[in-house]
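The block underneath contains the structure these notes are about, expressed in structure tokens.
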Amino acid sequence: MDRRFPFKVLEHIFSFLDVNEDRNSVSMVCKSWFETERRTRKRVFVGNCYAVSPLKVARRFPKMRSLTLKGKPHFADYNLVPDGWGGYAWPWIEAMAARRPLLEEIRLKRMVVTDECLEKIAASFRDFKSLVLTSCEGFSTDGIAAVASTCRKLRDLELRECIVDDLGGDWLTYFPETSTSLASLDFSCLDSEVKLSDLERLLSRSPNLKSLKLNRSVTLDVLASLLRRAPQLVELGTGSFSDELDPEEISKLTKALSELKQLKSLSGLWDLLPEYIPVLYSVCPRLTSLNLSYATVQMPDLIDLLSRCSKLQKLWVMDLIEDKGLKTVALCCKELRELRVFPSGADLDETDVTLTEQGLVSVSEGCQKLESVLYFCVQFTNAALVSIAKNRPNFRCFRLCVMEPFAPDYRTQQPLDEGFKAIVERCKDLRRLSVSGLLTDKAFEYIGVHAKKLRMLSIAFAGDSDLMLHHLLSGCERLKKLEIRDCPFGDTALLENAAKLETMRSLWMSSCFVSFGACKQLSQKMPRLNVEVIDEHPPKTRPDSSPVERIYIYRTVAGPRQDTPEFVWTIHKNPEVGVSRLSIR
Amino acid sequence: MELDLDLSLSPHTNSSHFESGFDLNKHCPIESVASCLDTKHSRFQTMLGLVNIEEKFYVPKLRSFSLNSQPNEEDEDPLESEPSSIVFDEEENSEIFGQPPVKSCMTKYHNYRHHSRNHPYHHHGRRINASNLTTTIERVRPSSSSSTTPSRSSLYVKVKMDGVAIARKVDIKLFNSYESLTNSLITMFSQYQDCDREDTNYKFTFQGKEGDWLLPGDVQWTIFAESVHRISITRDLSVCVYNTFI
């Protein structure tokens, strides 16, 4: 009896699967499920662009409509990865252009994208709708112009924190003349000025625009005029908020903002002046997302603003908010799910800014739905961490950055081991964790024992020995990404847990005690790992005991990559070869 | 698969760290590990100078220190841009690359703010402060000076010159004598003032931690360098004026 489901039925069932993890599981059941699944997958996600070849991906998913790729390791955000390391989008764009011309969406993170790539996208995908580049670099506004002018169905064009060769604001004039299908436009990372008239005209002919993020050079005096042309906005990133306005202009701006009845998200607000806060009053009650990372107002003004934002779910703010401001958030923003507090660099000497661990404790007490935190603070205590863990066992993402390396609990002078223990013990759903402060191996023992759902862990200046790494690699079952800098261990734990590395996406270690010999052993032991050594000051000879500056180890089915620069070596699988430098691009 | 590795593979590992005999290869159960860890913990505390250190105790060298050049790019301060006047070795450098972990777009913005004259947060963008000496941990380096107490890796102190609206900050650790300090300060300020440094009579006063005011030479340089809190400079022929600070 044929027990197989007819292909059409399976296909229909699989069409309800939109989480790729589920799809990955499903495709491992049997060959026919694999085949059915791959023919129905529309959104493809590749977490490490070097883990698999573009050709394989293109071939496997014939119905692909959206491709998401990530390139450089996360620590590249903090300048720990030298320029020229890699992460080139070109091979992917080229492969997709040739085989998947129906591709509609490309989302890239930490990749090198050239104007050539952008022109290729524009020329190859006739239904192209969505380009989202996050932390990318290598292109200029000319490439953007090519996409704007050629992709007639373009819906999203978002440049998030990219480094762009900004040749001027002309690119804005390249959108189709009659009307555009733009729904989302983000050029907040560009430096140069765009002409007001160009922007006004664009807004007037983009009736579907829901999200607009301006760059800082768009001055406050023109904002009202722009908003009047886009009252349907749901997300707004303003330009500079510090230019002088006369009373009439202020009143016009206030009115224009109050007309944005659907506005849910507000960002930009560069250099926000306290006198302009009342202008924002009308939008506050509806806001679910507020990004004040560039709003340099003090705590009283922040309180004024935030006490009106009762629906807020996501808040990014600087430490200017202080403990008192966070207490207000705890009282007023009961829907808060995500909080990020960044360092403003304000001089502690002047005692202007008192942000301590108490701020986070208050928020954890008051905001029941809080599940994601990124908190920069000068010092912390175990007691605070324990309170926070007790209050908020629902954390999914907990990133604490105690800014001074090796800072202990400032009240007891003890390491922060017990505090983080509380976090991992209580927060059973924790998926992402960054630790900091003075930590011994014990902290990592706790993490290994308790953090069973942890996927990503970031560590800096911590631990005593290889035991630390051993605890993590042997304990954290779901660990996918581990990034470590400046910790005193390496070889033993790595080699003991070599097999674990193939279950992870990647491991980054910089300024640790990893020897060249261990790298070789690891690479020979594990055929499906690329063990890459990054050494900007390579020694003349490499005895096995010599330390390596940085290593990046990742699983791959694509073999060693062909585009390594001169400071990156892939350790060869053949013990006689040692390192291989394959052709440099 | 049995791995038989010597824990001290790297030249940076000192076998005295592992005197307790702990060997990962032996897979000791968690309970017996605890006692090893306690030894390690106290050793670690010693390393950090929480306890008095012996001179020869090896400290794992924190590598990849380099001058984070971002604050300096826009900085016109000659003290910070002239390597010849800087007396340090790699270990005295306080800037850790990529720390704190903040994205470059944000650092770029903060540097812009910190260097714009009219901004209330004008300073040199360094977070290290001189007043919390008791609560912050100092990183220990093999000390070349006679002092056995761990010294700060840098000490930024505000310098206010009479008649100049904006105070500057200098790292006292870059100098080794009153003369080098005062000369550099004069050079720095004379770049921004129209005064001719030859004609002007500069008077320096230094405020210590307890608030007492000192003149150059009142205390030994090494003691001064640990406890100075503020510097005031007055010009011209008038008698020293003790400025008050907020």
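Residues in the structure tokens are numbered from 1 in each chain, the chains being A, B, ... in the order shown, and ligands are numbered from 1 in the order shown.
For chain A, the residues close to chain B, meaning within 7 Å and counting only C-alpha atoms, are Asp77, Tyr78, Asn79, Leu80, Glu161, Gly345, Ala346, Asp347, Leu348, Asp349, Met403, Phe406, Ala407, Tyr410, Thr440, Leu467, Asp486, Thr492, Ser511, Phe513, Ser515, Ser545, Ser546 and Pro547 of chain A.
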Go ahead and save the picked residues with C-alpha atoms, as a PDB file, in the first residue's frame.
```
ATOM      1  CA  ASP A  77      30.244  46.022  14.690  1.00  0.00           C
ATOM      2  CA  TYR A  78      32.855  46.941  17.289  1.00  0.00           C
ATOM      3  CA  ASN A  79      35.749  47.150  14.866  1.00  0.00           C
ATOM      4  CA  LEU A  80      37.242  43.817  15.832  1.00  0.00           C
ATOM      5  CA  GLU A 161      23.549  52.015   9.582  1.00  0.00           C
ATOM      6  CA  GLY A 345      29.747  59.507  27.154  1.00  0.00           C
ATOM      7  CA  ALA A 346      28.624  62.306  29.462  1.00  0.00           C
ATOM      8  CA  ASP A 347      31.310  63.116  31.940  1.00  0.00           C
ATOM      9  CA  LEU A 348      30.770  61.314  35.205  1.00  0.00           C
ATOM     10  CA  ASP A 349      32.970  63.892  36.855  1.00  0.00           C
ATOM     11  CA  MET A 403      31.780  49.160  30.805  1.00  0.00           C
ATOM     12  CA  PHE A 406      36.815  43.186  35.299  1.00  0.00           C
ATOM     13  CA  ALA A 407      34.559  45.379  37.376  1.00  0.00           C
ATOM     14  CA  TYR A 410      30.979  47.324  43.638  1.00  0.00           C
ATOM     15  CA  THR A 440      35.277  33.531  37.088  1.00  0.00           C
ATOM     16  CA  LEU A 467      37.239  25.231  32.080  1.00  0.00           C
ATOM     17  CA  ASP A 486      40.247  38.728  25.735  1.00  0.00           C
ATOM     18  CA  THR A 492      42.233  22.399  25.585  1.00  0.00           C
ATOM     19  CA  SER A 511      42.966  37.877  22.054  1.00  0.00           C
ATOM     20  CA  PHE A 513      45.239  31.892  24.327  1.00  0.00           C
ATOM     21  CA  SER A 515      47.783  28.342  19.677  1.00  0.00           C
ATOM     22  CA  SER A 545      52.915  26.977  20.260  1.00  0.00           C
ATOM     23  CA  SER A 546      52.654  30.438  18.746  1.00  0.00           C
ATOM     24  CA  PRO A 547      49.434  32.242  19.655  1.00  0.00           C
TER      25      PRO A 547
END
```
Find the residues around stretch 327-339 of chain A up to 10 Å (only C-alpha atoms counted), leave out those fewer than 5 positions away in its own chain, and share them as a ChimeraX atom specification. /A:288-289,291,302-304,306-317,321-322,358-375,395,397
Compile the contact shell of A:Trp33 as a PyMOL selection string: residues with an atom at most 8 Å away, counting only C-alpha atoms, same-chain residues fewer than 6 positions apart removed. chain A and resi 10+26-27
Neighbouring residues of A:Val533 were defined as those with any atom within 10 Å, considering only C-alpha atoms; residues of the same chain fewer than 2 positions away were excluded. Please report them as a PyMOL selection string. chain A and resi 509-510+516+519+530-531+535-536+538+548-553+567-571+579
Tell me, in Å to one decimal, how far atom CA of B:Lys203 is from atom CA of B:Leu215.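 For atom CA of B:Lys203 relative to atom CA of B:Leu215, the distance reads 8.7 Å.
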Selection near A:Ser217, 7 Å with only C-alpha atoms, sequence-local residues under 3 positions removed, as a ChimeraX atom specification: /A:191-193,239-240
Picked from stretch 315-500 of chain A by DSSP as strand (DSSP E), as a ChimeraX atom specification: /A:315-318,338-342,372-377,397-402,432-434,456-460,481-485
Please produce a file of the residues just selected, as an mmCIF file, in the first residue's frame, where the atoms kept are C-alpha atoms.
```
data_model
loop_
_atom_site.group_PDB
_atom_site.id
_atom_site.type_symbol
_atom_site.label_atom_id
_atom_site.label_comp_id
_atom_site.auth_asym_id
_atom_site.auth_seq_id
_atom_site.Cartn_x
_atom_site.Cartn_y
_atom_site.Cartn_z
ATOM 1 C CA LEU A 315 12.477 52.127 23.902
ATOM 2 C CA TRP A 316 16.043 52.961 22.928
ATOM 3 C CA VAL A 317 17.521 55.762 24.963
ATOM 4 C CA MET A 318 20.817 57.078 26.290
ATOM 5 C CA GLU A 338 12.400 45.948 24.736
ATOM 6 C CA LEU A 339 14.736 48.416 26.427
ATOM 7 C CA ARG A 340 18.149 49.572 25.292
ATOM 8 C CA VAL A 341 20.174 52.096 27.270
ATOM 9 C CA PHE A 342 23.296 53.351 25.530
ATOM 10 C CA SER A 372 14.769 42.105 25.835
ATOM 11 C CA VAL A 373 17.385 44.328 27.394
ATOM 12 C CA LEU A 374 20.650 45.924 26.349
ATOM 13 C CA TYR A 375 22.056 47.965 29.219
ATOM 14 C CA PHE A 376 25.313 49.867 29.425
ATOM 15 C CA CYS A 377 26.315 50.793 32.930
ATOM 16 C CA CYS A 397 17.569 38.548 25.470
ATOM 17 C CA PHE A 398 19.725 39.902 28.274
ATOM 18 C CA ARG A 399 22.782 41.919 27.399
ATOM 19 C CA LEU A 400 24.535 43.706 30.185
ATOM 20 C CA CYS A 401 27.603 45.715 29.424
ATOM 21 C CA VAL A 402 29.443 46.799 32.515
ATOM 22 C CA ARG A 432 20.714 35.639 23.899
ATOM 23 C CA LEU A 433 23.102 36.663 26.646
ATOM 24 C CA SER A 434 26.019 39.064 26.935
ATOM 25 C CA MET A 456 24.021 33.382 21.289
ATOM 26 C CA LEU A 457 26.551 34.314 23.926
ATOM 27 C CA SER A 458 29.014 37.209 23.993
ATOM 28 C CA ILE A 459 31.886 37.298 26.432
ATOM 29 C CA ALA A 460 34.676 39.778 27.024
ATOM 30 C CA LYS A 481 26.930 31.627 18.069
ATOM 31 C CA LEU A 482 29.678 32.202 20.552
ATOM 32 C CA GLU A 483 31.906 35.229 20.480
ATOM 33 C CA ILE A 484 34.718 35.747 22.923
ATOM 34 C CA ARG A 485 37.388 38.354 23.307
#
```
So which residues touch B:Asp212 within 10 Å, counting only C-alpha atoms, skipping near sequence neighbours fewer than 4 positions away, as a list of chain:residue names?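 Those residues are B:Phe206, B:Gln207, B:Gly208, B:Val228, B:His229.
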Please save C-alpha atoms of the selected residues as a short mmCIF file (atom, residue, chain, number, x, y, z; two decimals), in the first residue's frame.
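Once everything was written out, this is part14.cif:
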```cif
data_model
loop_
_atom_site.label_atom_id
_atom_site.label_comp_id
_atom_site.auth_asym_id
_atom_site.auth_seq_id
_atom_site.Cartn_x
_atom_site.Cartn_y
_atom_site.Cartn_z
CA PHE B 206 46.68 71.90 41.53
CA GLN B 207 43.76 70.65 43.53
CA GLY B 208 44.15 67.31 45.24
CA VAL B 228 45.56 65.35 41.48
CA HIS B 229 42.00 66.26 40.78
#
```
Counting only C-alpha atoms, what is within 6 Å of stretch 185-188 of chain A, bar same-chain residues fewer than 3 positions away, as a PyMOL selection string? chain A and resi 157-159+212-215
The selected residues should be written to file as a PDB file, in the first residue's frame (atoms: N, CA and C atoms).
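Done, and the output landed in again.pdb:
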```
ATOM      1  N   LEU A 157      13.160  50.403   0.395  1.00  0.00           N
ATOM      2  CA  LEU A 157      14.574  50.710   0.195  1.00  0.00           C
ATOM      3  C   LEU A 157      15.095  51.200   1.535  1.00  0.00           C
ATOM      4  N   GLU A 158      15.803  50.330   2.254  1.00  0.00           N
ATOM      5  CA  GLU A 158      16.232  50.681   3.607  1.00  0.00           C
ATOM      6  C   GLU A 158      17.726  50.501   3.760  1.00  0.00           C
ATOM      7  N   LEU A 159      18.390  51.598   4.147  1.00  0.00           N
ATOM      8  CA  LEU A 159      19.818  51.560   4.418  1.00  0.00           C
ATOM      9  C   LEU A 159      19.986  51.796   5.904  1.00  0.00           C
ATOM     10  N   LEU A 212       9.162  56.264   6.805  1.00  0.00           N
ATOM     11  CA  LEU A 212      10.106  57.218   6.236  1.00  0.00           C
ATOM     12  C   LEU A 212      11.146  57.582   7.284  1.00  0.00           C
ATOM     13  N   LYS A 213      12.418  57.329   6.978  1.00  0.00           N
ATOM     14  CA  LYS A 213      13.470  57.705   7.922  1.00  0.00           C
ATOM     15  C   LYS A 213      14.452  58.623   7.218  1.00  0.00           C
ATOM     16  N   LEU A 214      14.410  59.869   7.642  1.00  0.00           N
ATOM     17  CA  LEU A 214      15.228  60.911   7.038  1.00  0.00           C
ATOM     18  C   LEU A 214      16.628  60.905   7.620  1.00  0.00           C
ATOM     19  N   ASN A 215      17.530  61.595   6.949  1.00  0.00           N
ATOM     20  CA  ASN A 215      18.861  61.709   7.538  1.00  0.00           C
ATOM     21  C   ASN A 215      18.993  63.026   8.289  1.00  0.00           C
TER      22      ASN A 215
END
```
State, in Å with one decimal place, the distance from atom CA of A:Leu495 to atom CA of A:His572.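 So the two atoms, atom CA of A:Leu495 and atom CA of A:His572, lie 16.3 Å apart.
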